Amino acid sequence: MTEKIRKRDGLIIFSEYEKFSGLKKALSLSQDDILFELKSSNLKGRGGAGFPISTKWMLTAAAQSSEKYVVCNADEGEPGTFKDRVLLKEMPYLIFEGMIIAGYTIGAKKGIVYLRGEYNYLVNPLNEFLDEMKNENLLGENILGKDFSFEIEIFSGHGAYVCGEETALLESLEGQRGEARNRPPFPVNRGYKGFPTTVNNVESLSTVPHIIMKGGSWYSQFGTEKSKGTKLISVSGDCEKPGVYEIEWGTSIYDLLELVKAENTKAVQVGGASGVCVNKSQFDRTIAYEDLSTGGSIMIFNESRNMLAILKNFMEFFVEESCGQCTPCRIGNQKLLAFVEKIIQNEQTFSELNKIKELAETMKIASKCGLGQSSPNPFLSILENFKEEIFDSNSRGKYEHV
Amino acid sequence: MFVNEKEKILEFIDTIIDKHGIERTSLLPILGEIQEKFKCVPEFAQQRVAKIMDIHPVEVYSVVSFYSFLNVEKKGKYILRVCRSVSCDLAGKEKVVNILERELGLKIGETSADKKYTLEYTNCMGLCDEAPSLAINDQVYTKLTTEKLYQILSEIKENK
Ligand SMILES: Cc1cc2nc3c(=O)[nH]c(=O)nc-3n(C[C@H](O)[C@H](O)[C@H](O)COP(=O)(O)O)c2cc1C
Ligand code: SF4
């Protein structure tokens, strides 16, 4: 129990906070004031892409439309990520406050939480929480006596990683296959049902009430020059203290490993299956948009692990989750996986290796959405950073055992 | 499928339509509710939904086939999904699978003849800090040990 409390200790999101105070204060401010604070906070999207929140909200606010929407992306499907689950479970008020503030700022009356199907056990508690908020007039008509009404609905996903991509998510909300859309138009202009929509990650939204309470310049004193504030990270794998931590941007891998009590670490996968894998010589690198960017997943592998087996696991994931809409991703991931299997059998050749690397680079450029653009990351980084182990079958463990 | 099950499903669809409405945005919630109750969305159910919503049945099928939690063939009353993502793999998902396969007499991907159990893999369920993990329908079980698995199995076996 004490361990849990220790972990839930943090500078911003996990700091002391009076429920609904951010929302109450926001509704007493003008929309411009809110946008100003967000802009000076430099808060960027925490779902992975890192787009500035203030810009997204400003664009949606500026769009002329009879209807607008706020969508909370709670699809959290990136392997190794679970920080949004902790927020949904332990601090739903922060998320809902963030959504209502978004609605107030951009001029939307409705918010939708796209909750991954794997988190269906959270639907009832979240709905009960929403009911309580309605009873306290924090949701519904004329919130807190203001000329502003807002409602929130929970929408369940049905098991598709790609639906975390914002345009695939919108397709899914509209009752379609979760296939990414071409952009432009961007959701801020044409989103849910064609109306201007801001799609934000759970953590991004949860940060907003804190910024409203303490100010944008207070927030931006934390972190690095280009990455302001803090990040929730989900740590798993070979360490004594896995869990969710709030760290300041700019924390090194080395310091992080010490914090979670990891020993004999050989590799760290930063950013989930679609992230990059670093070796010991890179542990002085930092978690920041400008260095090792992550939506929140950190997976730790110790000396006993087989990197090829880990890579195979990642590539199987992408082959299965590719929506199949575009060729570079659909066929490309299959080829990358087939090559990994070839290495396992010791049948790869050097010329094939060069060709497959070229293919991986092409996938990054030619794929339609972030899935196919980032699935080559683990492939390229593991092959590069662990080449001795990977291309020398004697130094590998048995591949059945990760 | 038994005739009365078919009728039951069609009747069920008719009773939930009012609640959801027939806008396209209601399609997934409707299909999800059918799936949850009957563990499948068979073709005749897709046709009924298509008719009510005034869309082509192929549209409904293309949606059902896209999502891994929707299926045409009936699955078990208990769908056991073992996480196979890396963190659960590191923590021993192989052992979990071995025990479940042995105890249920099923291989991954199979449904028991009496339609009581389905055993399958799933991708990361966001429980990596409590690996290895397993979901049975909407309920999750974490930090699985042999002992814990036996206990879970005996609970669902008793529960007819
Ligand atoms: C394949 C794929 C999966 C994604 N999954 C998620 C997710 O689960 N949650 C999330 O917030 N963003 C996810 N994203 C990023 C979203 O597309 C989008 O950038 C984000 O929701 C915007 O919110 P933010 O600006 O607050 O980060 C994913 C992107 C891709 C390409
Ligand atoms: S990159 Fe992959 S997931 Fe994205 S649209 Fe293309 S096939 Fe679908």
# chains A, B, ... in the order shown; residues from 1 in each chain; ligands from 1
call {"tool": "residues_around", "arguments": {"residues": "region 186-190 of chain A", "least_positions_apart": "2", "cutoff": "12 Å", "atoms": "only C-alpha atoms", "output": "PyMOL selection string"}}
result
chain A and resi 53+55-65+67-71+106+108+165-171+180-184+192-200
call {"tool": "interface_residues", "arguments": {"of": "chain A", "to": "chain B", "cutoff": "8 Å", "atoms": "only C-alpha atoms", "output": "PyMOL selection string"}}
result
chain A and resi 76-82+85+117-121+155-156+158-160+172-178+234-238+242-243+299+310+313-314+317+402
call {"tool": "select_by_dssp", "arguments": {"residues": "region 14-157 of chain B", "states": "strand (DSSP E or B)", "output": "number ranges by chain"}}
result
B: 78-83, 111, 117-122, 134-136, 139-141
call {"tool": "write_last_selection", "arguments": {"atoms": "N, CA, C and O atoms", "output": "PDB file, in the first residue's frame"}}
result
ATOM      1  N   TYR B  78     -17.488 -18.405 -21.492  1.00  0.00           N
ATOM      2  CA  TYR B  78     -16.304 -17.773 -20.916  1.00  0.00           C
ATOM      3  C   TYR B  78     -15.237 -17.657 -21.990  1.00  0.00           C
ATOM      4  O   TYR B  78     -14.757 -18.674 -22.492  1.00  0.00           O
ATOM      5  N   ILE B  79     -14.902 -16.429 -22.343  1.00  0.00           N
ATOM      6  CA  ILE B  79     -13.814 -16.229 -23.287  1.00  0.00           C
ATOM      7  C   ILE B  79     -12.563 -15.875 -22.491  1.00  0.00           C
ATOM      8  O   ILE B  79     -12.520 -14.835 -21.829  1.00  0.00           O
ATOM      9  N   LEU B  80     -11.598 -16.781 -22.535  1.00  0.00           N
ATOM     10  CA  LEU B  80     -10.361 -16.540 -21.785  1.00  0.00           C
ATOM     11  C   LEU B  80      -9.325 -15.985 -22.736  1.00  0.00           C
ATOM     12  O   LEU B  80      -8.980 -16.626 -23.733  1.00  0.00           O
ATOM     13  N   ARG B  81      -8.851 -14.796 -22.443  1.00  0.00           N
ATOM     14  CA  ARG B  81      -7.850 -14.170 -23.307  1.00  0.00           C
ATOM     15  C   ARG B  81      -6.553 -13.982 -22.532  1.00  0.00           C
ATOM     16  O   ARG B  81      -6.510 -13.236 -21.555  1.00  0.00           O
ATOM     17  N   VAL B  82      -5.517 -14.631 -23.008  1.00  0.00           N
ATOM     18  CA  VAL B  82      -4.211 -14.516 -22.364  1.00  0.00           C
ATOM     19  C   VAL B  82      -3.403 -13.453 -23.085  1.00  0.00           C
ATOM     20  O   VAL B  82      -3.300 -13.468 -24.308  1.00  0.00           O
ATOM     21  N   CYS B  83      -2.833 -12.545 -22.329  1.00  0.00           N
ATOM     22  CA  CYS B  83      -2.035 -11.490 -22.962  1.00  0.00           C
ATOM     23  C   CYS B  83      -0.725 -12.076 -23.466  1.00  0.00           C
ATOM     24  O   CYS B  83      -0.017 -12.763 -22.752  1.00  0.00           O
ATOM     25  N   THR B 111     -12.701 -23.350 -29.248  1.00  0.00           N
ATOM     26  CA  THR B 111     -13.868 -23.231 -28.373  1.00  0.00           C
ATOM     27  C   THR B 111     -14.322 -24.639 -28.016  1.00  0.00           C
ATOM     28  O   THR B 111     -14.333 -25.518 -28.877  1.00  0.00           O
ATOM     29  N   TYR B 117     -16.237 -22.703 -23.078  1.00  0.00           N
ATOM     30  CA  TYR B 117     -14.978 -21.962 -23.014  1.00  0.00           C
ATOM     31  C   TYR B 117     -14.390 -21.682 -24.389  1.00  0.00           C
ATOM     32  O   TYR B 117     -14.428 -22.543 -25.272  1.00  0.00           O
ATOM     33  N   THR B 118     -13.813 -20.490 -24.506  1.00  0.00           N
ATOM     34  CA  THR B 118     -12.961 -20.183 -25.655  1.00  0.00           C
ATOM     35  C   THR B 118     -11.630 -19.737 -25.087  1.00  0.00           C
ATOM     36  O   THR B 118     -11.592 -18.957 -24.141  1.00  0.00           O
ATOM     37  N   LEU B 119     -10.555 -20.254 -25.678  1.00  0.00           N
ATOM     38  CA  LEU B 119      -9.223 -19.862 -25.216  1.00  0.00           C
ATOM     39  C   LEU B 119      -8.517 -19.151 -26.351  1.00  0.00           C
ATOM     40  O   LEU B 119      -8.424 -19.682 -27.459  1.00  0.00           O
ATOM     41  N   GLU B 120      -8.057 -17.933 -26.098  1.00  0.00           N
ATOM     42  CA  GLU B 120      -7.322 -17.253 -27.158  1.00  0.00           C
ATOM     43  C   GLU B 120      -6.274 -16.299 -26.597  1.00  0.00           C
ATOM     44  O   GLU B 120      -6.196 -16.064 -25.407  1.00  0.00           O
ATOM     45  N   TYR B 121      -5.466 -15.784 -27.516  1.00  0.00           N
ATOM     46  CA  TYR B 121      -4.490 -14.762 -27.155  1.00  0.00           C
ATOM     47  C   TYR B 121      -5.101 -13.400 -27.348  1.00  0.00           C
ATOM     48  O   TYR B 121      -5.999 -13.220 -28.162  1.00  0.00           O
ATOM     49  N   THR B 122      -4.576 -12.416 -26.629  1.00  0.00           N
ATOM     50  CA  THR B 122      -4.934 -11.044 -26.928  1.00  0.00           C
ATOM     51  C   THR B 122      -3.669 -10.212 -26.845  1.00  0.00           C
ATOM     52  O   THR B 122      -2.679 -10.628 -26.246  1.00  0.00           O
ATOM     53  N   LEU B 134      -4.579 -12.126 -17.618  1.00  0.00           N
ATOM     54  CA  LEU B 134      -5.596 -12.896 -18.329  1.00  0.00           C
ATOM     55  C   LEU B 134      -6.925 -12.168 -18.157  1.00  0.00           C
ATOM     56  O   LEU B 134      -7.187 -11.594 -17.104  1.00  0.00           O
ATOM     57  N   ALA B 135      -7.745 -12.171 -19.214  1.00  0.00           N
ATOM     58  CA  ALA B 135      -9.090 -11.627 -19.065  1.00  0.00           C
ATOM     59  C   ALA B 135     -10.073 -12.760 -19.290  1.00  0.00           C
ATOM     60  O   ALA B 135      -9.883 -13.594 -20.178  1.00  0.00           O
ATOM     61  N   ILE B 136     -11.112 -12.827 -18.448  1.00  0.00           N
ATOM     62  CA  ILE B 136     -12.203 -13.753 -18.708  1.00  0.00           C
ATOM     63  C   ILE B 136     -13.439 -12.887 -18.878  1.00  0.00           C
ATOM     64  O   ILE B 136     -13.858 -12.218 -17.929  1.00  0.00           O
ATOM     65  N   GLN B 139     -13.666  -9.399 -17.073  1.00  0.00           N
ATOM     66  CA  GLN B 139     -12.941  -9.356 -15.806  1.00  0.00           C
ATOM     67  C   GLN B 139     -11.462  -9.682 -16.023  1.00  0.00           C
ATOM     68  O   GLN B 139     -11.135 -10.568 -16.813  1.00  0.00           O
ATOM     69  N   VAL B 140     -10.589  -8.976 -15.330  1.00  0.00           N
ATOM     70  CA  VAL B 140      -9.166  -9.254 -15.515  1.00  0.00           C
ATOM     71  C   VAL B 140      -8.530  -9.878 -14.280  1.00  0.00           C
ATOM     72  O   VAL B 140      -8.944  -9.613 -13.155  1.00  0.00           O
ATOM     73  N   TYR B 141      -7.542 -10.722 -14.530  1.00  0.00           N
ATOM     74  CA  TYR B 141      -6.804 -11.403 -13.469  1.00  0.00           C
ATOM     75  C   TYR B 141      -5.324 -11.163 -13.707  1.00  0.00           C
ATOM     76  O   TYR B 141      -4.842 -11.333 -14.828  1.00  0.00           O
TER      77      TYR B 141
END
call {"tool": "select_by_dssp", "arguments": {"residues": "chain B", "states": "helix (DSSP H, G or I)", "output": "JSON, numbers by chain"}}
result
{"B": [3, 4, 5, 6, 7, 8, 9, 10, 11, 12, 13, 14, 15, 16, 17, 18, 19, 20, 24, 25, 26, 27, 28, 29, 30, 31, 32, 33, 34, 35, 36, 37, 38, 43, 44, 45, 46, 47, 48, 49, 50, 51, 52, 53, 57, 58, 59, 60, 61, 62, 63, 64, 65, 66, 86, 87, 88, 89, 90, 93, 94, 95, 96, 97, 98, 99, 100, 101, 102, 103, 104, 128, 129, 130, 146, 147, 148, 149, 150, 151, 152, 153, 154, 155, 156, 157, 158]}
call {"tool": "residues_near_ligand", "arguments": {"ligand": "ligand 2", "cutoff": "10 Å", "atoms": "only C-alpha atoms and all ligand atoms", "output": "PyMOL selection string"}}
result
chain A and resi 161-163+165+167-168+178-182+318-333+363-375
call {"tool": "closest_residue", "arguments": {"among": "A:Gly157, A:Gly295, A:Pro125, A:Gly98", "to": "ligand 1", "atoms": "only C-alpha atoms and all ligand atoms"}}
result
A:Gly295
call {"tool": "atom_distance", "arguments": {"atom1": "CA of Gln35 (chain B)", "atom2": "CA of Ile9 (chain B)"}}
result
10.1 Å
call {"tool": "closest_residue", "arguments": {"among": "A:Leu29, A:Leu205, A:Ile143, A:Ile112", "to": "ligand 1", "atoms": "only C-alpha atoms and all ligand atoms"}}
result
A:Leu205
call {"tool": "residues_around", "arguments": {"residues": "Lys109 (chain A)", "least_positions_apart": "2", "cutoff": "10 Å", "atoms": "only C-alpha atoms", "output": "JSON, numbers by chain"}}
result
{"A": [67, 68, 69, 70, 100, 102, 103, 104, 106, 107, 111, 140, 141, 148, 149, 150, 151, 152]}
call {"tool": "atom_distance", "arguments": {"atom1": "CA of Lys37 (chain B)", "atom2": "CA of Val3 (chain B)"}}
result
16.8 Å
call {"tool": "atom_distance", "arguments": {"atom1": "CA of Leu35 (chain A)", "atom2": "CA of Val113 (chain A)"}}
result
22.2 Å
call {"tool": "closest_residue", "arguments": {"among": "A:Lys231, A:Lys261, A:Lys226, A:Lys89", "to": "Glu248 (chain A)", "atoms": "only C-alpha atoms"}}
result
A:Lys231
call {"tool": "closest_residue", "arguments": {"among": "A:Val86, A:Ala267, A:Leu336, A:Leu359", "to": "Glu303 (chain A)", "atoms": "only C-alpha atoms"}}
result
A:Ala267
call {"tool": "residues_around", "arguments": {"residues": "region 144-157 of chain B", "least_positions_apart": "2", "cutoff": "8 Å", "atoms": "only C-alpha atoms", "output": "PyMOL selection string"}}
result
chain B and resi 96+99+131-134+141-142+159-160
call {"tool": "decode", "arguments": {"residues": "region 40-53 of chain B", "atoms": "all heavy atoms", "output": "short mmCIF file (atom, residue, chain, number, x, y, z; two decimals), in the first residue's frame"}}
result
data_model
loop_
_atom_site.label_atom_id
_atom_site.label_comp_id
_atom_site.auth_asym_id
_atom_site.auth_seq_id
_atom_site.Cartn_x
_atom_site.Cartn_y
_atom_site.Cartn_z
N CYS B 40 -21.64 -13.98 -30.16
CA CYS B 40 -21.43 -13.98 -31.61
C CYS B 40 -22.38 -12.98 -32.24
O CYS B 40 -23.34 -12.53 -31.61
CB CYS B 40 -21.69 -15.36 -32.21
SG CYS B 40 -23.35 -15.97 -31.92
N VAL B 41 -22.07 -12.60 -33.49
CA VAL B 41 -23.00 -11.81 -34.28
C VAL B 41 -23.20 -12.57 -35.59
O VAL B 41 -22.55 -12.29 -36.59
CB VAL B 41 -22.46 -10.38 -34.57
CG1 VAL B 41 -23.55 -9.52 -35.20
CG2 VAL B 41 -21.94 -9.72 -33.30
N PRO B 42 -24.07 -13.57 -35.59
CA PRO B 42 -24.22 -14.42 -36.77
C PRO B 42 -24.80 -13.66 -37.97
O PRO B 42 -25.31 -12.54 -37.81
CB PRO B 42 -25.18 -15.52 -36.32
CG PRO B 42 -25.82 -15.02 -35.09
CD PRO B 42 -24.94 -13.97 -34.48
N GLU B 43 -24.71 -14.29 -39.13
CA GLU B 43 -25.12 -13.62 -40.36
C GLU B 43 -26.56 -13.12 -40.33
O GLU B 43 -26.84 -11.99 -40.73
CB GLU B 43 -24.97 -14.59 -41.53
CG GLU B 43 -23.84 -14.20 -42.45
CD GLU B 43 -23.52 -15.31 -43.42
OE1 GLU B 43 -24.43 -15.78 -44.12
OE2 GLU B 43 -22.34 -15.73 -43.44
N PHE B 44 -27.46 -13.95 -39.83
CA PHE B 44 -28.86 -13.51 -39.84
C PHE B 44 -29.07 -12.29 -38.94
O PHE B 44 -29.91 -11.44 -39.20
CB PHE B 44 -29.81 -14.66 -39.45
CG PHE B 44 -29.56 -15.20 -38.06
CD1 PHE B 44 -30.13 -14.58 -36.95
CD2 PHE B 44 -28.79 -16.35 -37.87
CE1 PHE B 44 -29.91 -15.07 -35.69
CE2 PHE B 44 -28.57 -16.83 -36.59
CZ PHE B 44 -29.12 -16.20 -35.50
N ALA B 45 -28.24 -12.20 -37.88
CA ALA B 45 -28.33 -11.03 -37.01
C ALA B 45 -27.81 -9.79 -37.72
O ALA B 45 -28.38 -8.70 -37.62
CB ALA B 45 -27.53 -11.28 -35.73
N GLN B 46 -26.73 -9.99 -38.48
CA GLN B 46 -26.19 -8.86 -39.25
C GLN B 46 -27.23 -8.36 -40.25
O GLN B 46 -27.40 -7.16 -40.44
CB GLN B 46 -24.93 -9.30 -40.01
CG GLN B 46 -23.77 -9.68 -39.11
CD GLN B 46 -22.63 -10.29 -39.91
OE1 GLN B 46 -22.48 -10.03 -41.10
NE2 GLN B 46 -21.82 -11.11 -39.25
N GLN B 47 -27.92 -9.33 -40.88
CA GLN B 47 -28.93 -8.94 -41.86
C GLN B 47 -30.06 -8.16 -41.22
O GLN B 47 -30.53 -7.16 -41.77
CB GLN B 47 -29.47 -10.18 -42.58
CG GLN B 47 -28.52 -10.66 -43.66
CD GLN B 47 -28.74 -12.12 -44.03
OE1 GLN B 47 -29.68 -12.76 -43.55
NE2 GLN B 47 -27.87 -12.67 -44.87
N ARG B 48 -30.47 -8.62 -40.03
CA ARG B 48 -31.55 -7.91 -39.36
C ARG B 48 -31.13 -6.48 -39.01
O ARG B 48 -31.87 -5.53 -39.24
CB ARG B 48 -31.97 -8.69 -38.10
CG ARG B 48 -33.01 -7.97 -37.22
CD ARG B 48 -34.36 -7.77 -37.87
NE ARG B 48 -35.04 -9.01 -38.19
CZ ARG B 48 -36.05 -9.55 -37.50
NH1 ARG B 48 -36.51 -8.94 -36.43
NH2 ARG B 48 -36.59 -10.68 -37.86
N VAL B 49 -29.93 -6.35 -38.47
CA VAL B 49 -29.44 -5.02 -38.11
C VAL B 49 -29.35 -4.14 -39.36
O VAL B 49 -29.77 -2.98 -39.35
CB VAL B 49 -28.06 -5.10 -37.40
CG1 VAL B 49 -27.46 -3.71 -37.21
CG2 VAL B 49 -28.19 -5.81 -36.06
N ALA B 50 -28.84 -4.71 -40.45
CA ALA B 50 -28.70 -3.95 -41.70
C ALA B 50 -30.06 -3.45 -42.17
O ALA B 50 -30.22 -2.31 -42.57
CB ALA B 50 -28.04 -4.82 -42.77
N LYS B 51 -31.04 -4.34 -42.09
CA LYS B 51 -32.37 -3.98 -42.56
C LYS B 51 -32.94 -2.83 -41.74
O LYS B 51 -33.44 -1.85 -42.28
CB LYS B 51 -33.27 -5.23 -42.46
CG LYS B 51 -34.64 -5.01 -43.00
CD LYS B 51 -35.18 -6.28 -43.66
CE LYS B 51 -36.43 -5.94 -44.44
NZ LYS B 51 -37.63 -6.57 -43.87
N ILE B 52 -32.83 -2.97 -40.41
CA ILE B 52 -33.36 -1.94 -39.53
C ILE B 52 -32.66 -0.60 -39.77
O ILE B 52 -33.28 0.46 -39.77
CB ILE B 52 -33.22 -2.35 -38.05
CG1 ILE B 52 -34.07 -3.59 -37.76
CG2 ILE B 52 -33.63 -1.21 -37.13
CD1 ILE B 52 -33.83 -4.20 -36.41
N MET B 53 -31.33 -0.66 -39.98
CA MET B 53 -30.58 0.59 -40.14
C MET B 53 -30.57 1.08 -41.58
O MET B 53 -29.98 2.12 -41.87
CB MET B 53 -29.15 0.41 -39.63
CG MET B 53 -29.10 0.09 -38.15
SD MET B 53 -27.42 0.01 -37.51
CE MET B 53 -27.08 1.74 -37.31
#
